[in-house]
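The file structure-v5.pdb comes next; it holds PDB, C-alpha atoms and all ligand atoms.
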```pdb
ATOM      1  CA  MET V 246      -8.648 -15.013 -15.408  1.00  0.00           C
ATOM      2  CA  SER V 247      -9.629 -12.598 -18.178  1.00  0.00           C
ATOM      3  CA  ASP V 248     -12.440 -10.134 -18.849  1.00  0.00           C
ATOM      4  CA  ASP V 249     -14.251 -12.462 -21.210  1.00  0.00           C
ATOM      5  CA  ARG V 250     -14.497 -15.171 -18.536  1.00  0.00           C
ATOM      6  CA  THR V 251     -14.891 -13.142 -15.346  1.00  0.00           C
ATOM      7  CA  THR V 252     -18.003 -11.508 -13.960  1.00  0.00           C
ATOM      8  CA  VAL V 253     -18.182  -8.350 -11.899  1.00  0.00           C
ATOM      9  CA  GLN V 254     -19.421 -10.548  -9.064  1.00  0.00           C
ATOM     10  CA  ASP V 255     -16.292 -12.705  -9.381  1.00  0.00           C
ATOM     11  CA  LEU V 256     -14.124  -9.617  -8.929  1.00  0.00           C
ATOM     12  CA  ARG V 257     -16.261  -8.315  -6.063  1.00  0.00           C
ATOM     13  CA  ALA V 258     -15.865 -11.660  -4.289  1.00  0.00           C
ATOM     14  CA  ILE V 259     -12.086 -11.616  -4.728  1.00  0.00           C
ATOM     15  CA  VAL V 260     -11.887  -8.106  -3.268  1.00  0.00           C
ATOM     16  CA  ALA V 261     -14.295  -8.953  -0.434  1.00  0.00           C
ATOM     17  CA  GLU V 262     -12.271 -12.052   0.448  1.00  0.00           C
ATOM     18  CA  PHE V 263      -9.038 -10.055   0.487  1.00  0.00           C
ATOM     19  CA  VAL V 264     -10.564  -7.391   2.747  1.00  0.00           C
ATOM     20  CA  SER V 265     -12.252  -9.896   5.050  1.00  0.00           C
ATOM     21  CA  ALA V 266      -9.135 -12.048   5.503  1.00  0.00           C
ATOM     22  CA  ARG V 267      -7.365  -8.988   6.910  1.00  0.00           C
ATOM     23  CA  ASP V 268     -10.316  -7.785   8.988  1.00  0.00           C
ATOM     24  CA  TRP V 269     -10.262  -4.568   6.987  1.00  0.00           C
ATOM     25  CA  GLU V 270     -14.018  -4.081   6.745  1.00  0.00           C
ATOM     26  CA  GLN V 271     -13.551  -1.725   9.699  1.00  0.00           C
ATOM     27  CA  PHE V 272     -11.426   0.535   7.473  1.00  0.00           C
ATOM     28  CA  HIS V 273     -13.230   0.034   4.181  1.00  0.00           C
ATOM     29  CA  ASN V 274     -16.067   2.430   4.877  1.00  0.00           C
ATOM     30  CA  PRO V 275     -17.522   4.619   2.114  1.00  0.00           C
ATOM     31  CA  LYS V 276     -15.777   7.812   3.300  1.00  0.00           C
ATOM     32  CA  ASP V 277     -12.290   6.321   3.401  1.00  0.00           C
ATOM     33  CA  LEU V 278     -12.780   4.267   0.254  1.00  0.00           C
ATOM     34  CA  ALA V 279     -13.849   7.398  -1.641  1.00  0.00           C
ATOM     35  CA  ALA V 280     -10.684   9.132  -0.414  1.00  0.00           C
ATOM     36  CA  ALA V 281      -8.529   6.120  -1.278  1.00  0.00           C
ATOM     37  CA  ILE V 282      -9.984   6.058  -4.810  1.00  0.00           C
ATOM     38  CA  ALA V 283      -8.953   9.690  -5.235  1.00  0.00           C
ATOM     39  CA  VAL V 284      -5.446   8.937  -3.911  1.00  0.00           C
ATOM     40  CA  GLU V 285      -4.987   5.999  -6.262  1.00  0.00           C
ATOM     41  CA  ALA V 286      -6.391   8.017  -9.172  1.00  0.00           C
ATOM     42  CA  ALA V 287      -3.790  10.671  -8.387  1.00  0.00           C
ATOM     43  CA  GLU V 288      -1.059   8.004  -8.427  1.00  0.00           C
ATOM     44  CA  LEU V 289      -2.308   7.008 -11.863  1.00  0.00           C
ATOM     45  CA  GLN V 290      -2.252  10.618 -13.019  1.00  0.00           C
ATOM     46  CA  ALA V 291       1.234  11.153 -11.600  1.00  0.00           C
ATOM     47  CA  LEU V 292       2.639   8.588 -14.040  1.00  0.00           C
ATOM     48  CA  PHE V 293       1.777  10.858 -16.952  1.00  0.00           C
ATOM     49  CA  LEU V 294       2.246  14.220 -15.318  1.00  0.00           C
ATOM     50  CA  TRP V 295       4.020  16.789 -17.505  1.00  0.00           C
ATOM     51  CA  ARG V 296       4.095  14.478 -20.487  1.00  0.00           C
ATOM     52  CA  SER V 297       2.283  15.237 -23.714  1.00  0.00           C
ATOM     53  CA  ALA V 298      -0.894  13.315 -24.481  1.00  0.00           C
ATOM     54  CA  ASP V 299       0.920  11.535 -27.306  1.00  0.00           C
ATOM     55  CA  ASP V 300       3.832  10.547 -25.046  1.00  0.00           C
ATOM     56  CA  ALA V 301       1.431   9.330 -22.354  1.00  0.00           C
ATOM     57  CA  ALA V 302      -0.483   7.256 -24.898  1.00  0.00           C
ATOM     58  CA  SER V 303       2.760   5.676 -26.117  1.00  0.00           C
ATOM     59  CA  LEU V 304       3.928   4.974 -22.577  1.00  0.00           C
ATOM     60  CA  ALA V 305       0.587   3.376 -21.724  1.00  0.00           C
ATOM     61  CA  LEU V 306       1.030   0.861 -24.529  1.00  0.00           C
ATOM     62  CA  ALA V 307       4.463  -0.565 -23.795  1.00  0.00           C
ATOM     63  CA  GLY V 308       7.348  -0.857 -21.383  1.00  0.00           C
ATOM     64  CA  GLY V 309       7.732  -0.339 -17.677  1.00  0.00           C
ATOM     65  CA  MET V 310       5.289   2.541 -17.614  1.00  0.00           C
ATOM     66  CA  ARG V 311       2.562   0.247 -18.907  1.00  0.00           C
ATOM     67  CA  MET V 312       3.090  -2.089 -15.955  1.00  0.00           C
ATOM     68  CA  ALA V 313       2.954   0.811 -13.507  1.00  0.00           C
ATOM     69  CA  MET V 314      -0.194   2.141 -15.185  1.00  0.00           C
ATOM     70  CA  LYS V 315      -1.858  -1.274 -15.005  1.00  0.00           C
ATOM     71  CA  GLU V 316      -1.054  -1.532 -11.290  1.00  0.00           C
ATOM     72  CA  GLU V 317      -2.468   1.916 -10.520  1.00  0.00           C
ATOM     73  CA  LEU V 318      -5.531   1.217 -12.641  1.00  0.00           C
ATOM     74  CA  ALA V 319      -6.022  -2.012 -10.698  1.00  0.00           C
ATOM     75  CA  ASP V 320      -5.734  -0.100  -7.420  1.00  0.00           C
ATOM     76  CA  VAL V 321      -8.516   2.253  -8.522  1.00  0.00           C
ATOM     77  CA  ILE V 322     -10.752  -0.588  -9.721  1.00  0.00           C
ATOM     78  CA  ILE V 323     -10.175  -2.666  -6.575  1.00  0.00           C
ATOM     79  CA  LEU V 324     -11.132   0.253  -4.358  1.00  0.00           C
ATOM     80  CA  CYS V 325     -14.182   1.011  -6.505  1.00  0.00           C
ATOM     81  CA  LEU V 326     -15.287  -2.594  -6.123  1.00  0.00           C
ATOM     82  CA  SER V 327     -14.663  -2.435  -2.382  1.00  0.00           C
ATOM     83  CA  LEU V 328     -16.805   0.701  -2.200  1.00  0.00           C
ATOM     84  CA  ALA V 329     -19.537  -1.094  -4.111  1.00  0.00           C
ATOM     85  CA  ASN V 330     -19.263  -3.960  -1.613  1.00  0.00           C
ATOM     86  CA  ALA V 331     -19.277  -1.680   1.432  1.00  0.00           C
ATOM     87  CA  ALA V 332     -22.201   0.399   0.190  1.00  0.00           C
ATOM     88  CA  GLY V 333     -24.209  -2.420  -1.376  1.00  0.00           C
ATOM     89  CA  VAL V 334     -24.138  -0.915  -4.871  1.00  0.00           C
ATOM     90  CA  ASP V 335     -24.930  -3.114  -7.867  1.00  0.00           C
ATOM     91  CA  VAL V 336     -22.134  -2.116 -10.241  1.00  0.00           C
ATOM     92  CA  SER V 337     -23.741  -3.432 -13.409  1.00  0.00           C
ATOM     93  CA  SER V 338     -26.993  -1.590 -12.779  1.00  0.00           C
ATOM     94  CA  VAL V 339     -25.413   1.704 -11.809  1.00  0.00           C
ATOM     95  CA  VAL V 340     -22.965   1.664 -14.746  1.00  0.00           C
ATOM     96  CA  ARG V 341     -25.763   0.910 -17.196  1.00  0.00           C
ATOM     97  CA  GLN V 342     -27.964   3.634 -15.682  1.00  0.00           C
ATOM     98  CA  LYS V 343     -25.141   6.168 -15.755  1.00  0.00           C
ATOM     99  CA  VAL V 344     -24.214   5.409 -19.358  1.00  0.00           C
ATOM    100  CA  GLU V 345     -27.870   5.845 -20.316  1.00  0.00           C
ATOM    101  CA  ALA V 346     -28.024   9.146 -18.421  1.00  0.00           C
ATOM    102  CA  ASN V 347     -24.799  10.286 -20.094  1.00  0.00           C
ATOM    103  CA  GLY V 348     -26.296   9.334 -23.450  1.00  0.00           C
ATOM    104  CA  ALA V 349     -29.222  11.639 -22.754  1.00  0.00           C
ATOM    105  CA  LYS V 350     -26.842  14.442 -21.770  1.00  0.00           C
ATOM    106  CA  TYR V 351     -24.567  13.818 -24.731  1.00  0.00           C
ATOM    107  CA  PRO V 352     -26.737  12.900 -27.738  1.00  0.00           C
ATOM    108  CA  VAL V 353     -24.620  11.487 -30.545  1.00  0.00           C
ATOM    109  CA  GLU V 354     -25.866  14.065 -33.039  1.00  0.00           C
ATOM    110  CA  LEU V 355     -24.688  16.917 -30.793  1.00  0.00           C
ATOM    111  CA  SER V 356     -21.606  15.485 -29.148  1.00  0.00           C
ATOM    112  CA  ARG V 357     -19.908  13.360 -31.797  1.00  0.00           C
ATOM    113  CA  GLY V 358     -16.316  14.579 -32.164  1.00  0.00           C
ATOM    114  CA  SER V 359     -16.841  17.356 -29.621  1.00  0.00           C
ATOM    115  CA  ALA V 360     -15.271  17.701 -26.176  1.00  0.00           C
ATOM    116  CA  ALA V 361     -17.839  20.314 -25.142  1.00  0.00           C
ATOM    117  CA  LYS V 362     -19.588  19.905 -21.813  1.00  0.00           C
ATOM    118  CA  TYR V 363     -23.228  18.899 -22.127  1.00  0.00           C
ATOM    119  CA  THR V 364     -24.372  22.292 -20.878  1.00  0.00           C
ATOM    120  CA  GLU V 365     -22.725  23.874 -23.923  1.00  0.00           C
ATOM    121  CA  LEU V 366     -23.915  21.419 -26.564  1.00  0.00           C
ATOM    122  CA  ARG V 367     -27.411  22.781 -27.037  1.00  0.00           C
ATOM    123  CA  ASP V 368     -26.143  26.338 -27.367  1.00  0.00           C
ATOM    124  CA  GLY V 369     -24.114  25.250 -30.346  1.00  0.00           C
ATOM    125  CA  GLY V 370     -20.821  26.323 -28.788  1.00  0.00           C
ATOM    126  CA  GLU V 371     -17.861  24.519 -27.267  1.00  0.00           C
TER     127      GLU V 371
HETATM  128 MG    MG G   1      -1.271   2.708  -6.088  1.00  0.00          MG
END
```

Any chance you could give the structure as structure tokens?
Ligand SMILES: [Mg+2]
Amino acid sequence: MSDDRTTVQDLRAIVAEFVSARDWEQFHNPKDLAAAIAVEAAELQALFLWRSADDAASLALAGGMRMAMKEELADVIILCLSLANAAGVDVSSVVRQKVEANGAKYPVELSRGSAAKYTELRDGGE
């Protein structure tokens, strides 16, 4: 199973089957899934806490830290897919819509190479 051969629906079905087999739909409600996503995102952040950006990037590419990062990333993605399942959200549509909206907020000609928030781009400052 790899990204080039797997659809979002395939992944959603795997997550739904896992949840259903354990009768966990009762726990996988939007409120608790949103909280669980934040918890797992914090576990992901904790792996790199207090390290420089360069060190974190190196650790993400190789070794035991890479495996831990992949597992925490998977936890976040699994819970996001479960939230999409529980709330009936079409992931492909909402991601495409959000990227388009972000493109309007961050036009290439104003945001390229800049980390400024969109509210600061049109003022010419960062
Ligand atoms: Mg975790």

When the cut-off is 12 Å and you count only C-alpha atoms and all ligand atoms, which residues lie near ligand MG 1 (chain G), shown as an mmCIF file with C-alpha atoms, in the frame of the given file?
```
data_model
loop_
_atom_site.group_PDB
_atom_site.id
_atom_site.type_symbol
_atom_site.label_atom_id
_atom_site.label_comp_id
_atom_site.auth_asym_id
_atom_site.auth_seq_id
_atom_site.Cartn_x
_atom_site.Cartn_y
_atom_site.Cartn_z
ATOM 1 C CA ALA V 281 -8.529 6.120 -1.278
ATOM 2 C CA ILE V 282 -9.984 6.058 -4.810
ATOM 3 C CA ALA V 283 -8.953 9.690 -5.235
ATOM 4 C CA VAL V 284 -5.446 8.937 -3.911
ATOM 5 C CA GLU V 285 -4.987 5.999 -6.262
ATOM 6 C CA ALA V 286 -6.391 8.017 -9.172
ATOM 7 C CA ALA V 287 -3.790 10.671 -8.387
ATOM 8 C CA GLU V 288 -1.059 8.004 -8.427
ATOM 9 C CA LEU V 289 -2.308 7.008 -11.863
ATOM 10 C CA GLN V 290 -2.252 10.618 -13.019
ATOM 11 C CA ALA V 291 1.234 11.153 -11.600
ATOM 12 C CA LEU V 292 2.639 8.588 -14.040
ATOM 13 C CA MET V 312 3.090 -2.089 -15.955
ATOM 14 C CA ALA V 313 2.954 0.811 -13.507
ATOM 15 C CA MET V 314 -0.194 2.141 -15.185
ATOM 16 C CA LYS V 315 -1.858 -1.274 -15.005
ATOM 17 C CA GLU V 316 -1.054 -1.532 -11.290
ATOM 18 C CA GLU V 317 -2.468 1.916 -10.520
ATOM 19 C CA LEU V 318 -5.531 1.217 -12.641
ATOM 20 C CA ALA V 319 -6.022 -2.012 -10.698
ATOM 21 C CA ASP V 320 -5.734 -0.100 -7.420
ATOM 22 C CA VAL V 321 -8.516 2.253 -8.522
ATOM 23 C CA ILE V 322 -10.752 -0.588 -9.721
ATOM 24 C CA ILE V 323 -10.175 -2.666 -6.575
ATOM 25 C CA LEU V 324 -11.132 0.253 -4.358
#
```

Using all atoms listed in the file, the shortest atom-to-atom distance to Glu262 of chain V among V:Ala302, V:Arg250, V:Asn330, V:Ala279 belongs to V:Asn330

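The spacing separating atom CA of Phe263 of chain V from atom CA of Ser327 of chain V amounts to 9.9 Å.
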
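The shortest atom-to-atom distance to Ala258 of chain V, with all atoms listed in the file taken into account, belongs to V:Leu326 out of V:Leu326, V:Glu345, V:Leu355, V:Ser338.
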
Considering only C-alpha atoms, give me a table of residues in segment 290-364 of chain V that are at most 9 Å from segment 270-278 of chain V, with the closest atom pair and distance in Å for each, as a tab-separated table.
```
residue	atom	partner	partner_atom	distance
V:Leu324	CA	V:Leu278	CA	6.3
V:Cys325	CA	V:Leu278	CA	7.6
V:Ser327	CA	V:His273	CA	7.2
V:Leu328	CA	V:Pro275	CA	5.9
V:Ala329	CA	V:Pro275	CA	8.7
V:Ala331	CA	V:Asn274	CA	6.3
V:Ala332	CA	V:Pro275	CA	6.6
```

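Coordinates place atom CA of Ala360 of chain V at a distance of 28.9 Å from atom CA of Asp248 of chain V.
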
Taken to one decimal, the atom CA of Tyr363 of chain V-atom CA of Arg296 of chain V distance is 27.7 Å

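Using all atoms listed in the file for every distance, the candidate list V:Asp335, V:Glu365, V:Asp255, V:Asp299 yields V:Glu365 as the residue closest to Lys350 of chain V.
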
With N, CA and C atoms as the goal, would you fill in the gaps in segment 254-282 of chain V and present it as a PDB file, in the frame of the given file?
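Saved result, result_4.pdb, follows:
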```pdb
ATOM      1  N   GLN V 254     -19.250  -9.882 -10.355  1.00  0.00           N
ATOM      2  CA  GLN V 254     -19.421 -10.548  -9.064  1.00  0.00           C
ATOM      3  C   GLN V 254     -18.185 -11.353  -8.691  1.00  0.00           C
ATOM      4  N   ASP V 255     -17.543 -11.988  -9.657  1.00  0.00           N
ATOM      5  CA  ASP V 255     -16.292 -12.705  -9.381  1.00  0.00           C
ATOM      6  C   ASP V 255     -15.258 -11.752  -8.780  1.00  0.00           C
ATOM      7  N   LEU V 256     -15.112 -10.589  -9.412  1.00  0.00           N
ATOM      8  CA  LEU V 256     -14.124  -9.617  -8.929  1.00  0.00           C
ATOM      9  C   LEU V 256     -14.509  -9.081  -7.559  1.00  0.00           C
ATOM     10  N   ARG V 257     -15.799  -8.806  -7.375  1.00  0.00           N
ATOM     11  CA  ARG V 257     -16.261  -8.315  -6.063  1.00  0.00           C
ATOM     12  C   ARG V 257     -15.948  -9.341  -4.979  1.00  0.00           C
ATOM     13  N   ALA V 258     -16.125 -10.599  -5.276  1.00  0.00           N
ATOM     14  CA  ALA V 258     -15.865 -11.660  -4.289  1.00  0.00           C
ATOM     15  C   ALA V 258     -14.379 -11.747  -3.959  1.00  0.00           C
ATOM     16  N   ILE V 259     -13.528 -11.588  -4.967  1.00  0.00           N
ATOM     17  CA  ILE V 259     -12.086 -11.616  -4.728  1.00  0.00           C
ATOM     18  C   ILE V 259     -11.679 -10.459  -3.808  1.00  0.00           C
ATOM     19  N   VAL V 260     -12.212  -9.277  -4.090  1.00  0.00           N
ATOM     20  CA  VAL V 260     -11.887  -8.106  -3.268  1.00  0.00           C
ATOM     21  C   VAL V 260     -12.448  -8.284  -1.856  1.00  0.00           C
ATOM     22  N   ALA V 261     -13.679  -8.757  -1.752  1.00  0.00           N
ATOM     23  CA  ALA V 261     -14.295  -8.953  -0.434  1.00  0.00           C
ATOM     24  C   ALA V 261     -13.507  -9.965   0.389  1.00  0.00           C
ATOM     25  N   GLU V 262     -13.050 -11.027  -0.255  1.00  0.00           N
ATOM     26  CA  GLU V 262     -12.271 -12.052   0.448  1.00  0.00           C
ATOM     27  C   GLU V 262     -10.944 -11.481   0.942  1.00  0.00           C
ATOM     28  N   PHE V 263     -10.304 -10.685   0.111  1.00  0.00           N
ATOM     29  CA  PHE V 263      -9.038 -10.055   0.487  1.00  0.00           C
ATOM     30  C   PHE V 263      -9.228  -9.147   1.706  1.00  0.00           C
ATOM     31  N   VAL V 264     -10.279  -8.344   1.656  1.00  0.00           N
ATOM     32  CA  VAL V 264     -10.564  -7.391   2.747  1.00  0.00           C
ATOM     33  C   VAL V 264     -10.934  -8.151   4.026  1.00  0.00           C
ATOM     34  N   SER V 265     -11.779  -9.145   3.885  1.00  0.00           N
ATOM     35  CA  SER V 265     -12.252  -9.896   5.050  1.00  0.00           C
ATOM     36  C   SER V 265     -11.127 -10.661   5.733  1.00  0.00           C
ATOM     37  N   ALA V 266     -10.236 -11.269   4.940  1.00  0.00           N
ATOM     38  CA  ALA V 266      -9.135 -12.048   5.503  1.00  0.00           C
ATOM     39  C   ALA V 266      -8.242 -11.206   6.402  1.00  0.00           C
ATOM     40  N   ARG V 267      -8.221  -9.904   6.137  1.00  0.00           N
ATOM     41  CA  ARG V 267      -7.365  -8.988   6.910  1.00  0.00           C
ATOM     42  C   ARG V 267      -8.149  -8.188   7.950  1.00  0.00           C
ATOM     43  N   ASP V 268      -9.437  -8.514   8.064  1.00  0.00           N
ATOM     44  CA  ASP V 268     -10.316  -7.785   8.988  1.00  0.00           C
ATOM     45  C   ASP V 268     -10.269  -6.281   8.691  1.00  0.00           C
ATOM     46  N   TRP V 269     -10.340  -5.966   7.411  1.00  0.00           N
ATOM     47  CA  TRP V 269     -10.262  -4.568   6.987  1.00  0.00           C
ATOM     48  C   TRP V 269     -11.633  -3.942   6.721  1.00  0.00           C
ATOM     49  N   GLU V 270     -12.700  -4.705   6.942  1.00  0.00           N
ATOM     50  CA  GLU V 270     -14.018  -4.081   6.745  1.00  0.00           C
ATOM     51  C   GLU V 270     -14.159  -2.834   7.607  1.00  0.00           C
ATOM     52  N   GLN V 271     -13.483  -2.871   8.780  1.00  0.00           N
ATOM     53  CA  GLN V 271     -13.551  -1.725   9.699  1.00  0.00           C
ATOM     54  C   GLN V 271     -12.949  -0.455   9.087  1.00  0.00           C
ATOM     55  N   PHE V 272     -12.056  -0.620   8.132  1.00  0.00           N
ATOM     56  CA  PHE V 272     -11.426   0.535   7.473  1.00  0.00           C
ATOM     57  C   PHE V 272     -12.086   0.858   6.128  1.00  0.00           C
ATOM     58  N   HIS V 273     -12.653  -0.151   5.516  1.00  0.00           N
ATOM     59  CA  HIS V 273     -13.230   0.034   4.181  1.00  0.00           C
ATOM     60  C   HIS V 273     -14.654   0.558   4.267  1.00  0.00           C
ATOM     61  N   ASN V 274     -14.769   1.751   4.824  1.00  0.00           N
ATOM     62  CA  ASN V 274     -16.067   2.430   4.877  1.00  0.00           C
ATOM     63  C   ASN V 274     -16.157   3.371   3.677  1.00  0.00           C
ATOM     64  N   PRO V 275     -17.372   3.783   3.325  1.00  0.00           N
ATOM     65  CA  PRO V 275     -17.522   4.619   2.114  1.00  0.00           C
ATOM     66  C   PRO V 275     -16.675   5.884   2.128  1.00  0.00           C
ATOM     67  N   LYS V 276     -16.568   6.568   3.262  1.00  0.00           N
ATOM     68  CA  LYS V 276     -15.777   7.812   3.300  1.00  0.00           C
ATOM     69  C   LYS V 276     -14.306   7.546   2.971  1.00  0.00           C
ATOM     70  N   ASP V 277     -13.711   6.578   3.622  1.00  0.00           N
ATOM     71  CA  ASP V 277     -12.290   6.321   3.401  1.00  0.00           C
ATOM     72  C   ASP V 277     -12.025   5.658   2.052  1.00  0.00           C
ATOM     73  N   LEU V 278     -12.959   4.855   1.589  1.00  0.00           N
ATOM     74  CA  LEU V 278     -12.780   4.267   0.254  1.00  0.00           C
ATOM     75  C   LEU V 278     -12.856   5.339  -0.822  1.00  0.00           C
ATOM     76  N   ALA V 279     -13.768   6.298  -0.666  1.00  0.00           N
ATOM     77  CA  ALA V 279     -13.849   7.398  -1.641  1.00  0.00           C
ATOM     78  C   ALA V 279     -12.537   8.174  -1.658  1.00  0.00           C
ATOM     79  N   ALA V 280     -11.966   8.431  -0.484  1.00  0.00           N
ATOM     80  CA  ALA V 280     -10.684   9.132  -0.414  1.00  0.00           C
ATOM     81  C   ALA V 280      -9.574   8.289  -1.031  1.00  0.00           C
ATOM     82  N   ALA V 281      -9.574   7.007  -0.741  1.00  0.00           N
ATOM     83  CA  ALA V 281      -8.529   6.120  -1.278  1.00  0.00           C
ATOM     84  C   ALA V 281      -8.611   6.033  -2.804  1.00  0.00           C
ATOM     85  N   ILE V 282      -9.822   6.053  -3.348  1.00  0.00           N
ATOM     86  CA  ILE V 282      -9.984   6.058  -4.810  1.00  0.00           C
ATOM     87  C   ILE V 282      -9.332   7.308  -5.392  1.00  0.00           C
TER      88      ILE V 282
END
```
